[in-house]
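Asks: So that you have it, the file is structure_21.cif, and it contains mmCIF, N, CA and C atoms:
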```
data_my_file
loop_
_atom_site.label_atom_id
_atom_site.label_comp_id
_atom_site.auth_asym_id
_atom_site.auth_seq_id
_atom_site.Cartn_x
_atom_site.Cartn_y
_atom_site.Cartn_z
N MET A 8 63.33 122.58 114.43
CA MET A 8 64.63 122.39 115.03
C MET A 8 65.65 122.15 113.90
N GLN A 9 66.73 122.91 113.90
CA GLN A 9 67.72 122.82 112.83
C GLN A 9 68.81 121.81 113.18
N VAL A 10 69.18 120.99 112.22
CA VAL A 10 70.20 119.97 112.40
C VAL A 10 71.58 120.64 112.29
N THR A 11 72.43 120.45 113.31
CA THR A 11 73.78 121.02 113.27
C THR A 11 74.86 119.95 113.23
N VAL A 12 74.52 118.75 113.68
CA VAL A 12 75.48 117.64 113.67
C VAL A 12 74.75 116.36 113.29
N VAL A 13 75.42 115.54 112.47
CA VAL A 13 74.82 114.32 111.97
C VAL A 13 75.79 113.16 112.16
N GLY A 14 75.27 112.04 112.61
CA GLY A 14 76.02 110.79 112.65
C GLY A 14 75.47 109.89 111.57
N LEU A 15 76.33 109.39 110.70
CA LEU A 15 75.90 108.57 109.57
C LEU A 15 76.57 107.21 109.65
N ALA A 16 75.77 106.17 109.86
CA ALA A 16 76.28 104.80 109.87
C ALA A 16 76.07 104.23 108.47
N ILE A 17 77.18 103.98 107.76
CA ILE A 17 77.07 103.51 106.39
C ILE A 17 77.20 101.99 106.35
N SER A 18 76.46 101.38 105.44
CA SER A 18 76.54 99.93 105.22
C SER A 18 76.30 99.68 103.75
N ASN A 19 76.02 98.44 103.39
CA ASN A 19 75.88 98.11 101.97
C ASN A 19 74.70 98.79 101.30
N GLN A 20 73.51 98.65 101.82
CA GLN A 20 72.32 99.17 101.15
C GLN A 20 71.56 100.21 101.96
N VAL A 21 71.49 100.04 103.28
CA VAL A 21 70.69 100.92 104.12
C VAL A 21 71.61 101.70 105.05
N PHE A 22 71.47 103.03 105.04
CA PHE A 22 72.26 103.89 105.90
C PHE A 22 71.35 104.42 107.02
N GLN A 23 71.90 104.54 108.21
CA GLN A 23 71.14 105.09 109.33
C GLN A 23 71.70 106.48 109.65
N LEU A 24 70.81 107.45 109.77
CA LEU A 24 71.20 108.83 110.01
C LEU A 24 70.63 109.27 111.35
N HIS A 25 71.45 109.92 112.15
CA HIS A 25 71.01 110.48 113.43
C HIS A 25 71.48 111.92 113.48
N GLY A 26 70.55 112.86 113.55
CA GLY A 26 70.88 114.28 113.56
C GLY A 26 70.54 114.93 114.87
N GLY A 27 71.43 115.82 115.31
CA GLY A 27 71.20 116.54 116.55
C GLY A 27 71.18 118.03 116.32
N SER A 28 70.52 118.74 117.24
CA SER A 28 70.45 120.20 117.14
C SER A 28 71.56 120.82 117.96
N ALA A 29 71.66 122.14 117.92
CA ALA A 29 72.68 122.86 118.68
C ALA A 29 72.46 122.69 120.19
N GLU A 30 71.22 122.46 120.60
CA GLU A 30 70.91 122.28 122.02
C GLU A 30 71.22 120.86 122.50
N GLY A 31 71.59 119.97 121.59
CA GLY A 31 71.90 118.60 121.95
C GLY A 31 70.70 117.67 121.90
N LYS A 32 69.61 118.13 121.34
CA LYS A 32 68.41 117.29 121.24
C LYS A 32 68.40 116.56 119.89
N VAL A 33 67.66 115.46 119.86
CA VAL A 33 67.53 114.68 118.63
C VAL A 33 66.63 115.44 117.66
N ALA A 34 67.18 115.76 116.48
CA ALA A 34 66.43 116.49 115.48
C ALA A 34 65.85 115.56 114.42
N VAL A 35 66.59 114.51 114.08
CA VAL A 35 66.12 113.60 113.04
C VAL A 35 66.76 112.22 113.24
N ARG A 36 65.95 111.20 113.03
CA ARG A 36 66.43 109.82 112.96
C ARG A 36 65.82 109.27 111.69
N LYS A 37 66.67 108.83 110.79
CA LYS A 37 66.14 108.41 109.49
C LYS A 37 66.94 107.23 108.97
N ARG A 38 66.23 106.34 108.34
CA ARG A 38 66.83 105.20 107.67
C ARG A 38 66.72 105.46 106.17
N LEU A 39 67.85 105.49 105.48
CA LEU A 39 67.88 105.83 104.06
C LEU A 39 68.52 104.73 103.24
N ARG A 40 68.00 104.55 102.05
CA ARG A 40 68.65 103.66 101.10
C ARG A 40 69.80 104.41 100.46
N ARG A 41 70.73 103.67 99.90
CA ARG A 41 71.94 104.25 99.30
C ARG A 41 71.60 105.36 98.31
N ALA A 42 70.58 105.17 97.48
CA ALA A 42 70.22 106.15 96.46
C ALA A 42 69.59 107.40 97.05
N GLN A 43 69.07 107.34 98.27
CA GLN A 43 68.39 108.47 98.88
C GLN A 43 69.31 109.39 99.67
N VAL A 44 70.51 108.92 100.02
CA VAL A 44 71.39 109.65 100.93
C VAL A 44 71.79 111.00 100.34
N ALA A 45 72.28 111.02 99.11
CA ALA A 45 72.76 112.26 98.51
C ALA A 45 71.65 113.30 98.41
N ALA A 46 70.46 112.89 98.01
CA ALA A 46 69.34 113.83 97.88
C ALA A 46 68.94 114.40 99.24
N PHE A 47 68.93 113.56 100.27
CA PHE A 47 68.56 114.03 101.60
C PHE A 47 69.59 114.99 102.16
N MET A 48 70.87 114.65 102.00
CA MET A 48 71.94 115.49 102.54
C MET A 48 72.05 116.82 101.80
N ALA A 49 71.67 116.85 100.54
CA ALA A 49 71.69 118.10 99.77
C ALA A 49 70.66 119.08 100.31
N GLN A 50 69.58 118.58 100.90
CA GLN A 50 68.53 119.45 101.45
C GLN A 50 68.90 120.04 102.80
N LEU A 51 69.81 119.38 103.52
CA LEU A 51 70.18 119.87 104.85
C LEU A 51 71.06 121.11 104.73
N PRO A 52 70.93 122.05 105.68
CA PRO A 52 71.87 123.17 105.69
C PRO A 52 73.26 122.64 106.06
N PRO A 53 74.33 123.35 105.70
CA PRO A 53 75.68 122.86 106.02
C PRO A 53 75.82 122.57 107.52
N CYS A 54 76.32 121.37 107.81
CA CYS A 54 76.48 120.94 109.19
C CYS A 54 77.70 120.03 109.30
N ARG A 55 78.00 119.59 110.50
CA ARG A 55 79.11 118.67 110.73
C ARG A 55 78.56 117.25 110.64
N ILE A 56 79.22 116.41 109.84
CA ILE A 56 78.79 115.02 109.66
C ILE A 56 79.91 114.11 110.11
N GLY A 57 79.57 113.15 110.95
CA GLY A 57 80.53 112.16 111.41
C GLY A 57 80.25 110.82 110.76
N ILE A 58 81.33 110.15 110.30
CA ILE A 58 81.22 108.83 109.67
C ILE A 58 82.36 107.98 110.22
N GLU A 59 82.08 106.72 110.51
CA GLU A 59 83.15 105.80 110.90
C GLU A 59 84.03 105.54 109.69
N ALA A 60 85.34 105.62 109.88
CA ALA A 60 86.28 105.34 108.79
C ALA A 60 86.21 103.86 108.47
N GLY A 61 86.10 103.56 107.19
CA GLY A 61 86.02 102.17 106.74
C GLY A 61 85.78 102.15 105.25
N ALA A 62 85.35 101.00 104.77
CA ALA A 62 85.12 100.84 103.34
C ALA A 62 84.04 101.80 102.86
N GLY A 63 84.36 102.61 101.89
CA GLY A 63 83.41 103.54 101.31
C GLY A 63 83.30 104.87 102.03
N ALA A 64 83.92 105.01 103.18
CA ALA A 64 83.78 106.24 103.97
C ALA A 64 84.39 107.45 103.25
N HIS A 65 85.53 107.26 102.61
CA HIS A 65 86.18 108.38 101.92
C HIS A 65 85.35 108.81 100.70
N HIS A 66 84.75 107.83 100.03
CA HIS A 66 83.89 108.15 98.89
C HIS A 66 82.72 109.02 99.34
N TRP A 67 82.04 108.60 100.41
CA TRP A 67 80.88 109.35 100.90
C TRP A 67 81.30 110.71 101.46
N ALA A 68 82.44 110.76 102.14
CA ALA A 68 82.91 112.03 102.70
C ALA A 68 83.16 113.05 101.59
N GLY A 69 83.81 112.63 100.51
CA GLY A 69 84.06 113.53 99.39
C GLY A 69 82.78 114.01 98.75
N GLY A 70 81.81 113.12 98.61
CA GLY A 70 80.53 113.50 98.01
C GLY A 70 79.74 114.46 98.88
N LEU A 71 79.77 114.26 100.21
CA LEU A 71 79.01 115.12 101.11
C LEU A 71 79.67 116.49 101.28
N GLN A 72 80.98 116.56 101.12
CA GLN A 72 81.66 117.85 101.21
C GLN A 72 81.24 118.77 100.07
N GLN A 73 80.83 118.21 98.96
CA GLN A 73 80.39 119.02 97.83
C GLN A 73 79.13 119.83 98.17
N TYR A 74 78.37 119.39 99.15
CA TYR A 74 77.15 120.10 99.56
C TYR A 74 77.44 121.14 100.64
N GLY A 75 78.71 121.33 100.98
CA GLY A 75 79.09 122.33 101.97
C GLY A 75 79.16 121.81 103.40
N HIS A 76 79.00 120.52 103.59
CA HIS A 76 79.07 119.93 104.92
C HIS A 76 80.52 119.75 105.35
N GLU A 77 80.74 119.81 106.66
CA GLU A 77 82.05 119.52 107.24
C GLU A 77 82.03 118.05 107.64
N VAL A 78 82.78 117.21 106.94
CA VAL A 78 82.73 115.77 107.18
C VAL A 78 83.96 115.36 107.98
N LYS A 79 83.73 114.62 109.06
CA LYS A 79 84.79 114.12 109.92
C LYS A 79 84.72 112.59 109.94
N LEU A 80 85.84 111.95 109.64
CA LEU A 80 85.92 110.49 109.70
C LEU A 80 86.61 110.10 111.00
N MET A 81 86.05 109.10 111.68
CA MET A 81 86.61 108.64 112.95
C MET A 81 86.88 107.15 112.91
N SER A 82 87.93 106.77 113.58
CA SER A 82 88.22 105.35 113.72
C SER A 82 87.13 104.71 114.59
N PRO A 83 86.68 103.50 114.25
CA PRO A 83 85.62 102.85 115.02
C PRO A 83 85.94 102.68 116.50
N GLN A 84 87.22 102.59 116.84
CA GLN A 84 87.59 102.42 118.26
C GLN A 84 87.26 103.66 119.09
N TYR A 85 87.16 104.83 118.45
CA TYR A 85 86.81 106.05 119.17
C TYR A 85 85.30 106.24 119.27
N VAL A 86 84.55 105.50 118.49
CA VAL A 86 83.09 105.60 118.52
C VAL A 86 82.51 104.60 119.52
N LYS A 87 83.14 103.45 119.67
CA LYS A 87 82.61 102.36 120.49
C LYS A 87 82.23 102.79 121.91
N PRO A 88 83.00 103.62 122.61
CA PRO A 88 82.60 103.98 123.97
C PRO A 88 81.27 104.73 124.06
N TYR A 89 80.80 105.30 122.97
CA TYR A 89 79.57 106.08 122.98
C TYR A 89 78.34 105.27 122.59
N VAL A 90 78.51 104.00 122.21
CA VAL A 90 77.38 103.16 121.82
C VAL A 90 76.57 102.79 123.06
N LYS A 91 75.28 103.09 123.01
CA LYS A 91 74.37 102.77 124.11
C LYS A 91 73.58 101.53 123.72
N GLY A 92 73.63 100.51 124.51
CA GLY A 92 72.86 99.30 124.21
C GLY A 92 73.60 98.41 123.23
N ASN A 93 72.82 97.59 122.55
CA ASN A 93 73.40 96.63 121.60
C ASN A 93 73.88 97.34 120.34
N LYS A 94 74.78 96.66 119.63
CA LYS A 94 75.32 97.24 118.40
C LYS A 94 74.34 97.02 117.26
N ASN A 95 73.80 98.11 116.74
CA ASN A 95 72.99 98.09 115.53
C ASN A 95 73.19 99.43 114.84
N ASP A 96 72.68 99.58 113.64
CA ASP A 96 72.93 100.79 112.87
C ASP A 96 72.39 102.04 113.55
N SER A 97 71.23 101.96 114.16
CA SER A 97 70.64 103.11 114.82
C SER A 97 71.50 103.57 115.99
N ASN A 98 71.93 102.63 116.83
CA ASN A 98 72.78 102.98 117.97
C ASN A 98 74.15 103.46 117.50
N ASP A 99 74.66 102.89 116.43
CA ASP A 99 75.95 103.34 115.88
C ASP A 99 75.86 104.78 115.39
N ALA A 100 74.80 105.12 114.68
CA ALA A 100 74.63 106.47 114.17
C ALA A 100 74.54 107.47 115.33
N GLU A 101 73.83 107.10 116.38
CA GLU A 101 73.73 107.97 117.55
C GLU A 101 75.09 108.14 118.22
N ALA A 102 75.85 107.06 118.33
CA ALA A 102 77.18 107.13 118.94
C ALA A 102 78.13 107.97 118.09
N ILE A 103 78.04 107.85 116.78
CA ILE A 103 78.88 108.66 115.89
C ILE A 103 78.54 110.13 116.06
N CYS A 104 77.26 110.43 116.14
CA CYS A 104 76.79 111.80 116.32
C CYS A 104 77.33 112.37 117.64
N GLU A 105 77.35 111.57 118.66
CA GLU A 105 77.86 112.00 119.97
C GLU A 105 79.37 112.17 119.93
N ALA A 106 80.07 111.23 119.32
CA ALA A 106 81.54 111.27 119.30
C ALA A 106 82.09 112.42 118.47
N VAL A 107 81.40 112.79 117.39
CA VAL A 107 81.91 113.84 116.51
C VAL A 107 81.83 115.22 117.17
N THR A 108 81.02 115.36 118.21
CA THR A 108 80.91 116.65 118.90
C THR A 108 82.00 116.86 119.94
N ARG A 109 82.71 115.82 120.30
CA ARG A 109 83.76 115.92 121.32
C ARG A 109 84.97 116.64 120.75
N PRO A 110 85.46 117.67 121.43
CA PRO A 110 86.57 118.47 120.88
C PRO A 110 87.91 117.74 120.88
N SER A 111 88.10 116.76 121.76
CA SER A 111 89.41 116.10 121.84
C SER A 111 89.53 114.87 120.93
N ARG A 112 88.54 114.61 120.10
CA ARG A 112 88.57 113.46 119.19
C ARG A 112 89.64 113.64 118.14
N ARG A 113 90.26 112.53 117.77
CA ARG A 113 91.18 112.54 116.63
C ARG A 113 90.43 112.01 115.43
N PHE A 114 90.61 112.68 114.32
CA PHE A 114 89.89 112.33 113.11
C PHE A 114 90.84 111.85 112.03
N VAL A 115 90.29 111.09 111.10
CA VAL A 115 91.04 110.58 109.94
C VAL A 115 90.87 111.59 108.81
N ALA A 116 91.96 111.91 108.13
CA ALA A 116 91.87 112.86 107.02
C ALA A 116 91.11 112.22 105.86
N VAL A 117 90.29 113.02 105.21
CA VAL A 117 89.52 112.54 104.05
C VAL A 117 90.45 112.48 102.85
N LYS A 118 90.47 111.33 102.19
CA LYS A 118 91.34 111.15 101.03
C LYS A 118 90.67 111.68 99.77
N SER A 119 91.51 112.18 98.86
CA SER A 119 90.99 112.63 97.57
C SER A 119 90.69 111.40 96.71
N VAL A 120 90.12 111.61 95.56
CA VAL A 120 89.76 110.51 94.67
C VAL A 120 91.02 109.77 94.20
N GLU A 121 92.11 110.49 93.97
CA GLU A 121 93.33 109.88 93.43
C GLU A 121 94.09 109.06 94.47
N GLN A 122 94.00 109.42 95.74
CA GLN A 122 94.78 108.73 96.77
C GLN A 122 94.45 107.25 96.90
N PRO A 123 93.18 106.83 96.98
CA PRO A 123 92.90 105.40 97.05
C PRO A 123 93.34 104.64 95.80
N ASP A 124 93.24 105.29 94.62
CA ASP A 124 93.69 104.65 93.38
C ASP A 124 95.18 104.37 93.44
N LEU A 125 95.94 105.34 93.90
CA LEU A 125 97.39 105.17 94.02
C LEU A 125 97.72 104.10 95.05
N GLN A 126 96.97 104.06 96.15
CA GLN A 126 97.18 103.05 97.18
C GLN A 126 96.91 101.65 96.63
N ARG A 127 95.87 101.49 95.83
CA ARG A 127 95.57 100.19 95.21
C ARG A 127 96.70 99.76 94.28
N LEU A 128 97.21 100.71 93.51
CA LEU A 128 98.31 100.42 92.60
C LEU A 128 99.55 99.94 93.37
N HIS A 129 99.85 100.59 94.48
CA HIS A 129 100.99 100.18 95.30
C HIS A 129 100.78 98.78 95.89
N ARG A 130 99.56 98.47 96.28
CA ARG A 130 99.28 97.14 96.84
C ARG A 130 99.47 96.04 95.79
N VAL A 131 99.01 96.29 94.57
CA VAL A 131 99.17 95.31 93.49
C VAL A 131 100.65 95.13 93.19
N ARG A 132 101.40 96.24 93.13
CA ARG A 132 102.83 96.17 92.86
C ARG A 132 103.55 95.38 93.96
N GLU A 133 103.19 95.62 95.21
CA GLU A 133 103.80 94.91 96.33
C GLU A 133 103.52 93.41 96.25
N ARG A 134 102.30 93.05 95.86
CA ARG A 134 101.96 91.63 95.72
C ARG A 134 102.78 90.99 94.60
N CYS A 135 102.97 91.70 93.49
CA CYS A 135 103.78 91.18 92.38
C CYS A 135 105.24 90.98 92.81
N ILE A 136 105.76 91.91 93.58
CA ILE A 136 107.14 91.80 94.05
C ILE A 136 107.29 90.59 94.97
N LYS A 137 106.31 90.34 95.83
CA LYS A 137 106.36 89.18 96.73
C LYS A 137 106.23 87.87 95.96
N ALA A 138 105.46 87.88 94.87
CA ALA A 138 105.21 86.65 94.11
C ALA A 138 106.37 86.31 93.19
N ARG A 139 107.22 87.27 92.85
CA ARG A 139 108.30 87.03 91.88
C ARG A 139 109.27 85.92 92.33
N PRO A 140 109.79 85.91 93.57
CA PRO A 140 110.68 84.80 93.97
C PRO A 140 109.98 83.44 93.96
N ALA A 141 108.70 83.43 94.35
CA ALA A 141 107.97 82.17 94.36
C ALA A 141 107.83 81.62 92.95
N LEU A 142 107.55 82.47 91.98
CA LEU A 142 107.43 82.03 90.60
C LEU A 142 108.78 81.55 90.05
N ALA A 143 109.85 82.26 90.39
CA ALA A 143 111.18 81.85 89.93
C ALA A 143 111.56 80.49 90.52
N ASN A 144 111.28 80.27 91.80
CA ASN A 144 111.58 78.99 92.43
C ASN A 144 110.74 77.86 91.83
N GLN A 145 109.48 78.13 91.53
CA GLN A 145 108.62 77.13 90.94
C GLN A 145 109.12 76.76 89.53
N LEU A 146 109.49 77.77 88.77
CA LEU A 146 110.01 77.54 87.41
C LEU A 146 111.31 76.74 87.46
N ARG A 147 112.21 77.09 88.39
CA ARG A 147 113.46 76.35 88.54
C ARG A 147 113.20 74.89 88.90
N GLY A 148 112.21 74.66 89.77
CA GLY A 148 111.86 73.31 90.17
C GLY A 148 111.29 72.50 89.00
N LEU A 149 110.43 73.14 88.20
CA LEU A 149 109.84 72.44 87.05
C LEU A 149 110.91 72.12 86.00
N LEU A 150 111.84 73.05 85.77
CA LEU A 150 112.89 72.82 84.78
C LEU A 150 113.87 71.74 85.23
N SER A 151 114.11 71.63 86.55
CA SER A 151 115.05 70.62 87.03
C SER A 151 114.45 69.21 86.92
N GLU A 152 113.13 69.09 86.91
CA GLU A 152 112.49 67.79 86.75
C GLU A 152 112.57 67.37 85.31
#
```
So, in terms of structure tokens, how does the structure I just supplied come out?
Replies:
Amino acid sequence: MQVTVVGLAISNQVFQLHGGSAEGKVAVRKRLRRAQVAAFMAQLPPCRIGIEAGAGAHHWAGGLQQYGHEVKLMSPQYVKPYVKGNKNDSNDAEAICEAVTRPSRRFVAVKSVEQPDLQRLHRVRERCIKARPALANQLRGLLSE
């Protein structure tokens, strides 16, 4: 049975993978360590991969696209209705796999490597701008004493 769609629940060390076939049957359920994910995905034929948007999702999406896969990032609020049973990595991966096949889903655009770097730079600059009046007021207070 050939895998055509994959739901990937990413976490710190262990990733849960749920793959489905074109007929909608379960083709693979696998628990992978972080170091094993790239090697496993490189062996799969090009398919659609769904990942919940969050920390590290853009990094993994960019890496998986290099193997010819079509990667779709989804907001967790769009995946939640498809979770069957309690929330765990296996059920999340299955829900992601189900949600990514829906044609009316809205997806998050995959960011390039430079975009998150620029976003971090803007956040640091914004924090410095907010801290500047506080530092000036503190300095004025210390000098007046």
Asks: Write out as number ranges by chain all residues of chain A that backbone DSSP assigns to strand (DSSP E or B).
Replies: A: 12-16, 21-27, 33-40, 55-59, 77-81, 115
Asks: Enumerate, as an mmCIF file with N, CA and C atoms, in the frame of the given file, the complete set of residues in segment 91-142 of chain A that a backbone-based DSSP assignment places in helix (DSSP H, G or I).
Replies:
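Everything below was put into part_6.cif:
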```cif
data_model
loop_
_atom_site.group_PDB
_atom_site.id
_atom_site.type_symbol
_atom_site.label_atom_id
_atom_site.label_comp_id
_atom_site.auth_asym_id
_atom_site.auth_seq_id
_atom_site.Cartn_x
_atom_site.Cartn_y
_atom_site.Cartn_z
ATOM 1 N N ASP A 96 72.680 99.580 113.640
ATOM 2 C CA ASP A 96 72.930 100.790 112.870
ATOM 3 C C ASP A 96 72.390 102.040 113.550
ATOM 4 N N SER A 97 71.230 101.960 114.160
ATOM 5 C CA SER A 97 70.640 103.110 114.820
ATOM 6 C C SER A 97 71.500 103.570 115.990
ATOM 7 N N ASN A 98 71.930 102.630 116.830
ATOM 8 C CA ASN A 98 72.780 102.980 117.970
ATOM 9 C C ASN A 98 74.150 103.460 117.500
ATOM 10 N N ASP A 99 74.660 102.890 116.430
ATOM 11 C CA ASP A 99 75.950 103.340 115.880
ATOM 12 C C ASP A 99 75.860 104.780 115.390
ATOM 13 N N ALA A 100 74.800 105.120 114.680
ATOM 14 C CA ALA A 100 74.630 106.470 114.170
ATOM 15 C C ALA A 100 74.540 107.470 115.330
ATOM 16 N N GLU A 101 73.830 107.100 116.380
ATOM 17 C CA GLU A 101 73.730 107.970 117.550
ATOM 18 C C GLU A 101 75.090 108.140 118.220
ATOM 19 N N ALA A 102 75.850 107.060 118.330
ATOM 20 C CA ALA A 102 77.180 107.130 118.940
ATOM 21 C C ALA A 102 78.130 107.970 118.090
ATOM 22 N N ILE A 103 78.040 107.850 116.780
ATOM 23 C CA ILE A 103 78.880 108.660 115.890
ATOM 24 C C ILE A 103 78.540 110.130 116.060
ATOM 25 N N CYS A 104 77.260 110.430 116.140
ATOM 26 C CA CYS A 104 76.790 111.800 116.320
ATOM 27 C C CYS A 104 77.330 112.370 117.640
ATOM 28 N N GLU A 105 77.350 111.570 118.660
ATOM 29 C CA GLU A 105 77.860 112.000 119.970
ATOM 30 C C GLU A 105 79.370 112.170 119.930
ATOM 31 N N ALA A 106 80.070 111.230 119.320
ATOM 32 C CA ALA A 106 81.540 111.270 119.300
ATOM 33 C C ALA A 106 82.090 112.420 118.470
ATOM 34 N N VAL A 107 81.400 112.790 117.390
ATOM 35 C CA VAL A 107 81.910 113.840 116.510
ATOM 36 C C VAL A 107 81.830 115.220 117.170
ATOM 37 N N GLU A 121 92.110 110.490 93.970
ATOM 38 C CA GLU A 121 93.330 109.880 93.430
ATOM 39 C C GLU A 121 94.090 109.060 94.470
ATOM 40 N N GLN A 122 94.000 109.420 95.740
ATOM 41 C CA GLN A 122 94.780 108.730 96.770
ATOM 42 C C GLN A 122 94.450 107.250 96.900
ATOM 43 N N PRO A 123 93.180 106.830 96.980
ATOM 44 C CA PRO A 123 92.900 105.400 97.050
ATOM 45 C C PRO A 123 93.340 104.640 95.800
ATOM 46 N N ASP A 124 93.240 105.290 94.620
ATOM 47 C CA ASP A 124 93.690 104.650 93.380
ATOM 48 C C ASP A 124 95.180 104.370 93.440
ATOM 49 N N LEU A 125 95.940 105.340 93.900
ATOM 50 C CA LEU A 125 97.390 105.170 94.020
ATOM 51 C C LEU A 125 97.720 104.100 95.050
ATOM 52 N N GLN A 126 96.970 104.060 96.150
ATOM 53 C CA GLN A 126 97.180 103.050 97.180
ATOM 54 C C GLN A 126 96.910 101.650 96.630
ATOM 55 N N ARG A 127 95.870 101.490 95.830
ATOM 56 C CA ARG A 127 95.570 100.190 95.210
ATOM 57 C C ARG A 127 96.700 99.760 94.280
ATOM 58 N N LEU A 128 97.210 100.710 93.510
ATOM 59 C CA LEU A 128 98.310 100.420 92.600
ATOM 60 C C LEU A 128 99.550 99.940 93.370
ATOM 61 N N HIS A 129 99.850 100.590 94.480
ATOM 62 C CA HIS A 129 100.990 100.180 95.300
ATOM 63 C C HIS A 129 100.780 98.780 95.890
ATOM 64 N N ARG A 130 99.560 98.470 96.280
ATOM 65 C CA ARG A 130 99.280 97.140 96.840
ATOM 66 C C ARG A 130 99.470 96.040 95.790
ATOM 67 N N VAL A 131 99.010 96.290 94.570
ATOM 68 C CA VAL A 131 99.170 95.310 93.490
ATOM 69 C C VAL A 131 100.650 95.130 93.190
ATOM 70 N N ARG A 132 101.400 96.240 93.130
ATOM 71 C CA ARG A 132 102.830 96.170 92.860
ATOM 72 C C ARG A 132 103.550 95.380 93.960
ATOM 73 N N GLU A 133 103.190 95.620 95.210
ATOM 74 C CA GLU A 133 103.800 94.910 96.330
ATOM 75 C C GLU A 133 103.520 93.410 96.250
ATOM 76 N N ARG A 134 102.300 93.050 95.860
ATOM 77 C CA ARG A 134 101.960 91.630 95.720
ATOM 78 C C ARG A 134 102.780 90.990 94.600
ATOM 79 N N CYS A 135 102.970 91.700 93.490
ATOM 80 C CA CYS A 135 103.780 91.180 92.380
ATOM 81 C C CYS A 135 105.240 90.980 92.810
ATOM 82 N N ILE A 136 105.760 91.910 93.580
ATOM 83 C CA ILE A 136 107.140 91.800 94.050
ATOM 84 C C ILE A 136 107.290 90.590 94.970
ATOM 85 N N LYS A 137 106.310 90.340 95.830
ATOM 86 C CA LYS A 137 106.360 89.180 96.730
ATOM 87 C C LYS A 137 106.230 87.870 95.960
ATOM 88 N N ALA A 138 105.460 87.880 94.870
ATOM 89 C CA ALA A 138 105.210 86.650 94.110
ATOM 90 C C ALA A 138 106.370 86.310 93.190
ATOM 91 N N ARG A 139 107.220 87.270 92.850
ATOM 92 C CA ARG A 139 108.300 87.030 91.880
ATOM 93 C C ARG A 139 109.270 85.920 92.330
ATOM 94 N N PRO A 140 109.790 85.910 93.570
ATOM 95 C CA PRO A 140 110.680 84.800 93.970
ATOM 96 C C PRO A 140 109.980 83.440 93.960
ATOM 97 N N ALA A 141 108.700 83.430 94.350
ATOM 98 C CA ALA A 141 107.970 82.170 94.360
ATOM 99 C C ALA A 141 107.830 81.620 92.950
ATOM 100 N N LEU A 142 107.550 82.470 91.980
ATOM 101 C CA LEU A 142 107.430 82.030 90.600
ATOM 102 C C LEU A 142 108.780 81.550 90.050
#
```
Asks: Between A:Ile58, A:Val10, A:Leu71, A:Ala116, which one has atoms that come closest to Val33 of chain A, using only N, CA and C atoms?
Replies: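 Of A:Ile58, A:Val10, A:Leu71, A:Ala116, the one nearest Val33 of chain A is A:Val10, counting only N, CA and C atoms.
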Asks: Between atom CA of Ser18 of chain A and atom CA of His76 of chain A, what distance in Å does the model show, to one decimal?
Replies: 20.2 Å
Asks: Got a sec to resolve the PyMOL selection byres (((chain A and resi 24 and name CA) around 12) and name CA) on this structure and send the residues as JSON, numbers by chain?
Replies: {"A": [10, 12, 13, 14, 15, 16, 17, 18, 21, 22, 23, 25, 26, 27, 33, 34, 35, 36, 37, 38, 39, 40, 41, 43, 44, 47, 48, 56, 57, 58, 96, 97, 98, 99, 100, 101, 102, 103, 104]}
Asks: Write out as a list in words which residues come within 6 Å of segment 77-87 of chain A when counting all atoms listed in the file, dropping same-chain ones fewer than 3 positions away.
Replies: Pro53, Cys54, Arg55, Ile56, Gly57, Ile58, Glu59, Ala60, Ala68, Gln72, Val90, Ala102, Ile103, Ala106, Arg113, Phe114 and Val115 of chain A
Asks: When you draw a straight line from atom CA of Gln126 of chain A to atom CA of Asn19 of chain A, how long is it in Å?
Replies: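 Interatomic distance here is 22.4 Å.
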Asks: Of the candidates A:Tyr89, A:Ala46, A:Gly69, A:Ser119, which shows the shortest atom-to-atom distance to Glu105 of chain A, using only N, CA and C atoms?
Replies: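 Counting only N, CA and C atoms, the residue closest to Glu105 of chain A is A:Tyr89.
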Asks: Starting from 4 Å padding per side, set up an axis-aligned box that covers all listed atoms of segment 86-101 of chain A and hand over centre and edge lengths in Å, one decimal, as AutoDock Vina command-line options.
Replies:
```
--center_x 77.6 --center_y 102.4 --center_z 118.7 --size_x 21.9 --size_y 19.5 --size_z 19.6
```
Asks: On this structure, the PyMOL selection byres ((chain A and resi 29) around 6) would catch which residues? List them as a PDB file with N, CA and C atoms, keeping the file's coordinate frame, sorted by chain and number.
Replies:
```pdb
ATOM      1  N   GLN A   9      66.730 122.910 113.900  1.00  0.00           N
ATOM      2  CA  GLN A   9      67.720 122.820 112.830  1.00  0.00           C
ATOM      3  C   GLN A   9      68.810 121.810 113.180  1.00  0.00           C
ATOM      4  N   VAL A  10      69.180 120.990 112.220  1.00  0.00           N
ATOM      5  CA  VAL A  10      70.200 119.970 112.400  1.00  0.00           C
ATOM      6  C   VAL A  10      71.580 120.640 112.290  1.00  0.00           C
ATOM      7  N   THR A  11      72.430 120.450 113.310  1.00  0.00           N
ATOM      8  CA  THR A  11      73.780 121.020 113.270  1.00  0.00           C
ATOM      9  C   THR A  11      74.860 119.950 113.230  1.00  0.00           C
ATOM     10  N   GLY A  27      71.430 115.820 115.310  1.00  0.00           N
ATOM     11  CA  GLY A  27      71.200 116.540 116.550  1.00  0.00           C
ATOM     12  C   GLY A  27      71.180 118.030 116.320  1.00  0.00           C
ATOM     13  N   SER A  28      70.520 118.740 117.240  1.00  0.00           N
ATOM     14  CA  SER A  28      70.450 120.200 117.140  1.00  0.00           C
ATOM     15  C   SER A  28      71.560 120.820 117.960  1.00  0.00           C
ATOM     16  N   GLU A  30      71.220 122.460 120.600  1.00  0.00           N
ATOM     17  CA  GLU A  30      70.910 122.280 122.020  1.00  0.00           C
ATOM     18  C   GLU A  30      71.220 120.860 122.500  1.00  0.00           C
ATOM     19  N   GLY A  31      71.590 119.970 121.590  1.00  0.00           N
ATOM     20  CA  GLY A  31      71.900 118.600 121.950  1.00  0.00           C
ATOM     21  C   GLY A  31      70.700 117.670 121.900  1.00  0.00           C
ATOM     22  N   LYS A  32      69.610 118.130 121.340  1.00  0.00           N
ATOM     23  CA  LYS A  32      68.410 117.290 121.240  1.00  0.00           C
ATOM     24  C   LYS A  32      68.400 116.560 119.890  1.00  0.00           C
TER      25      LYS A  32
END
```
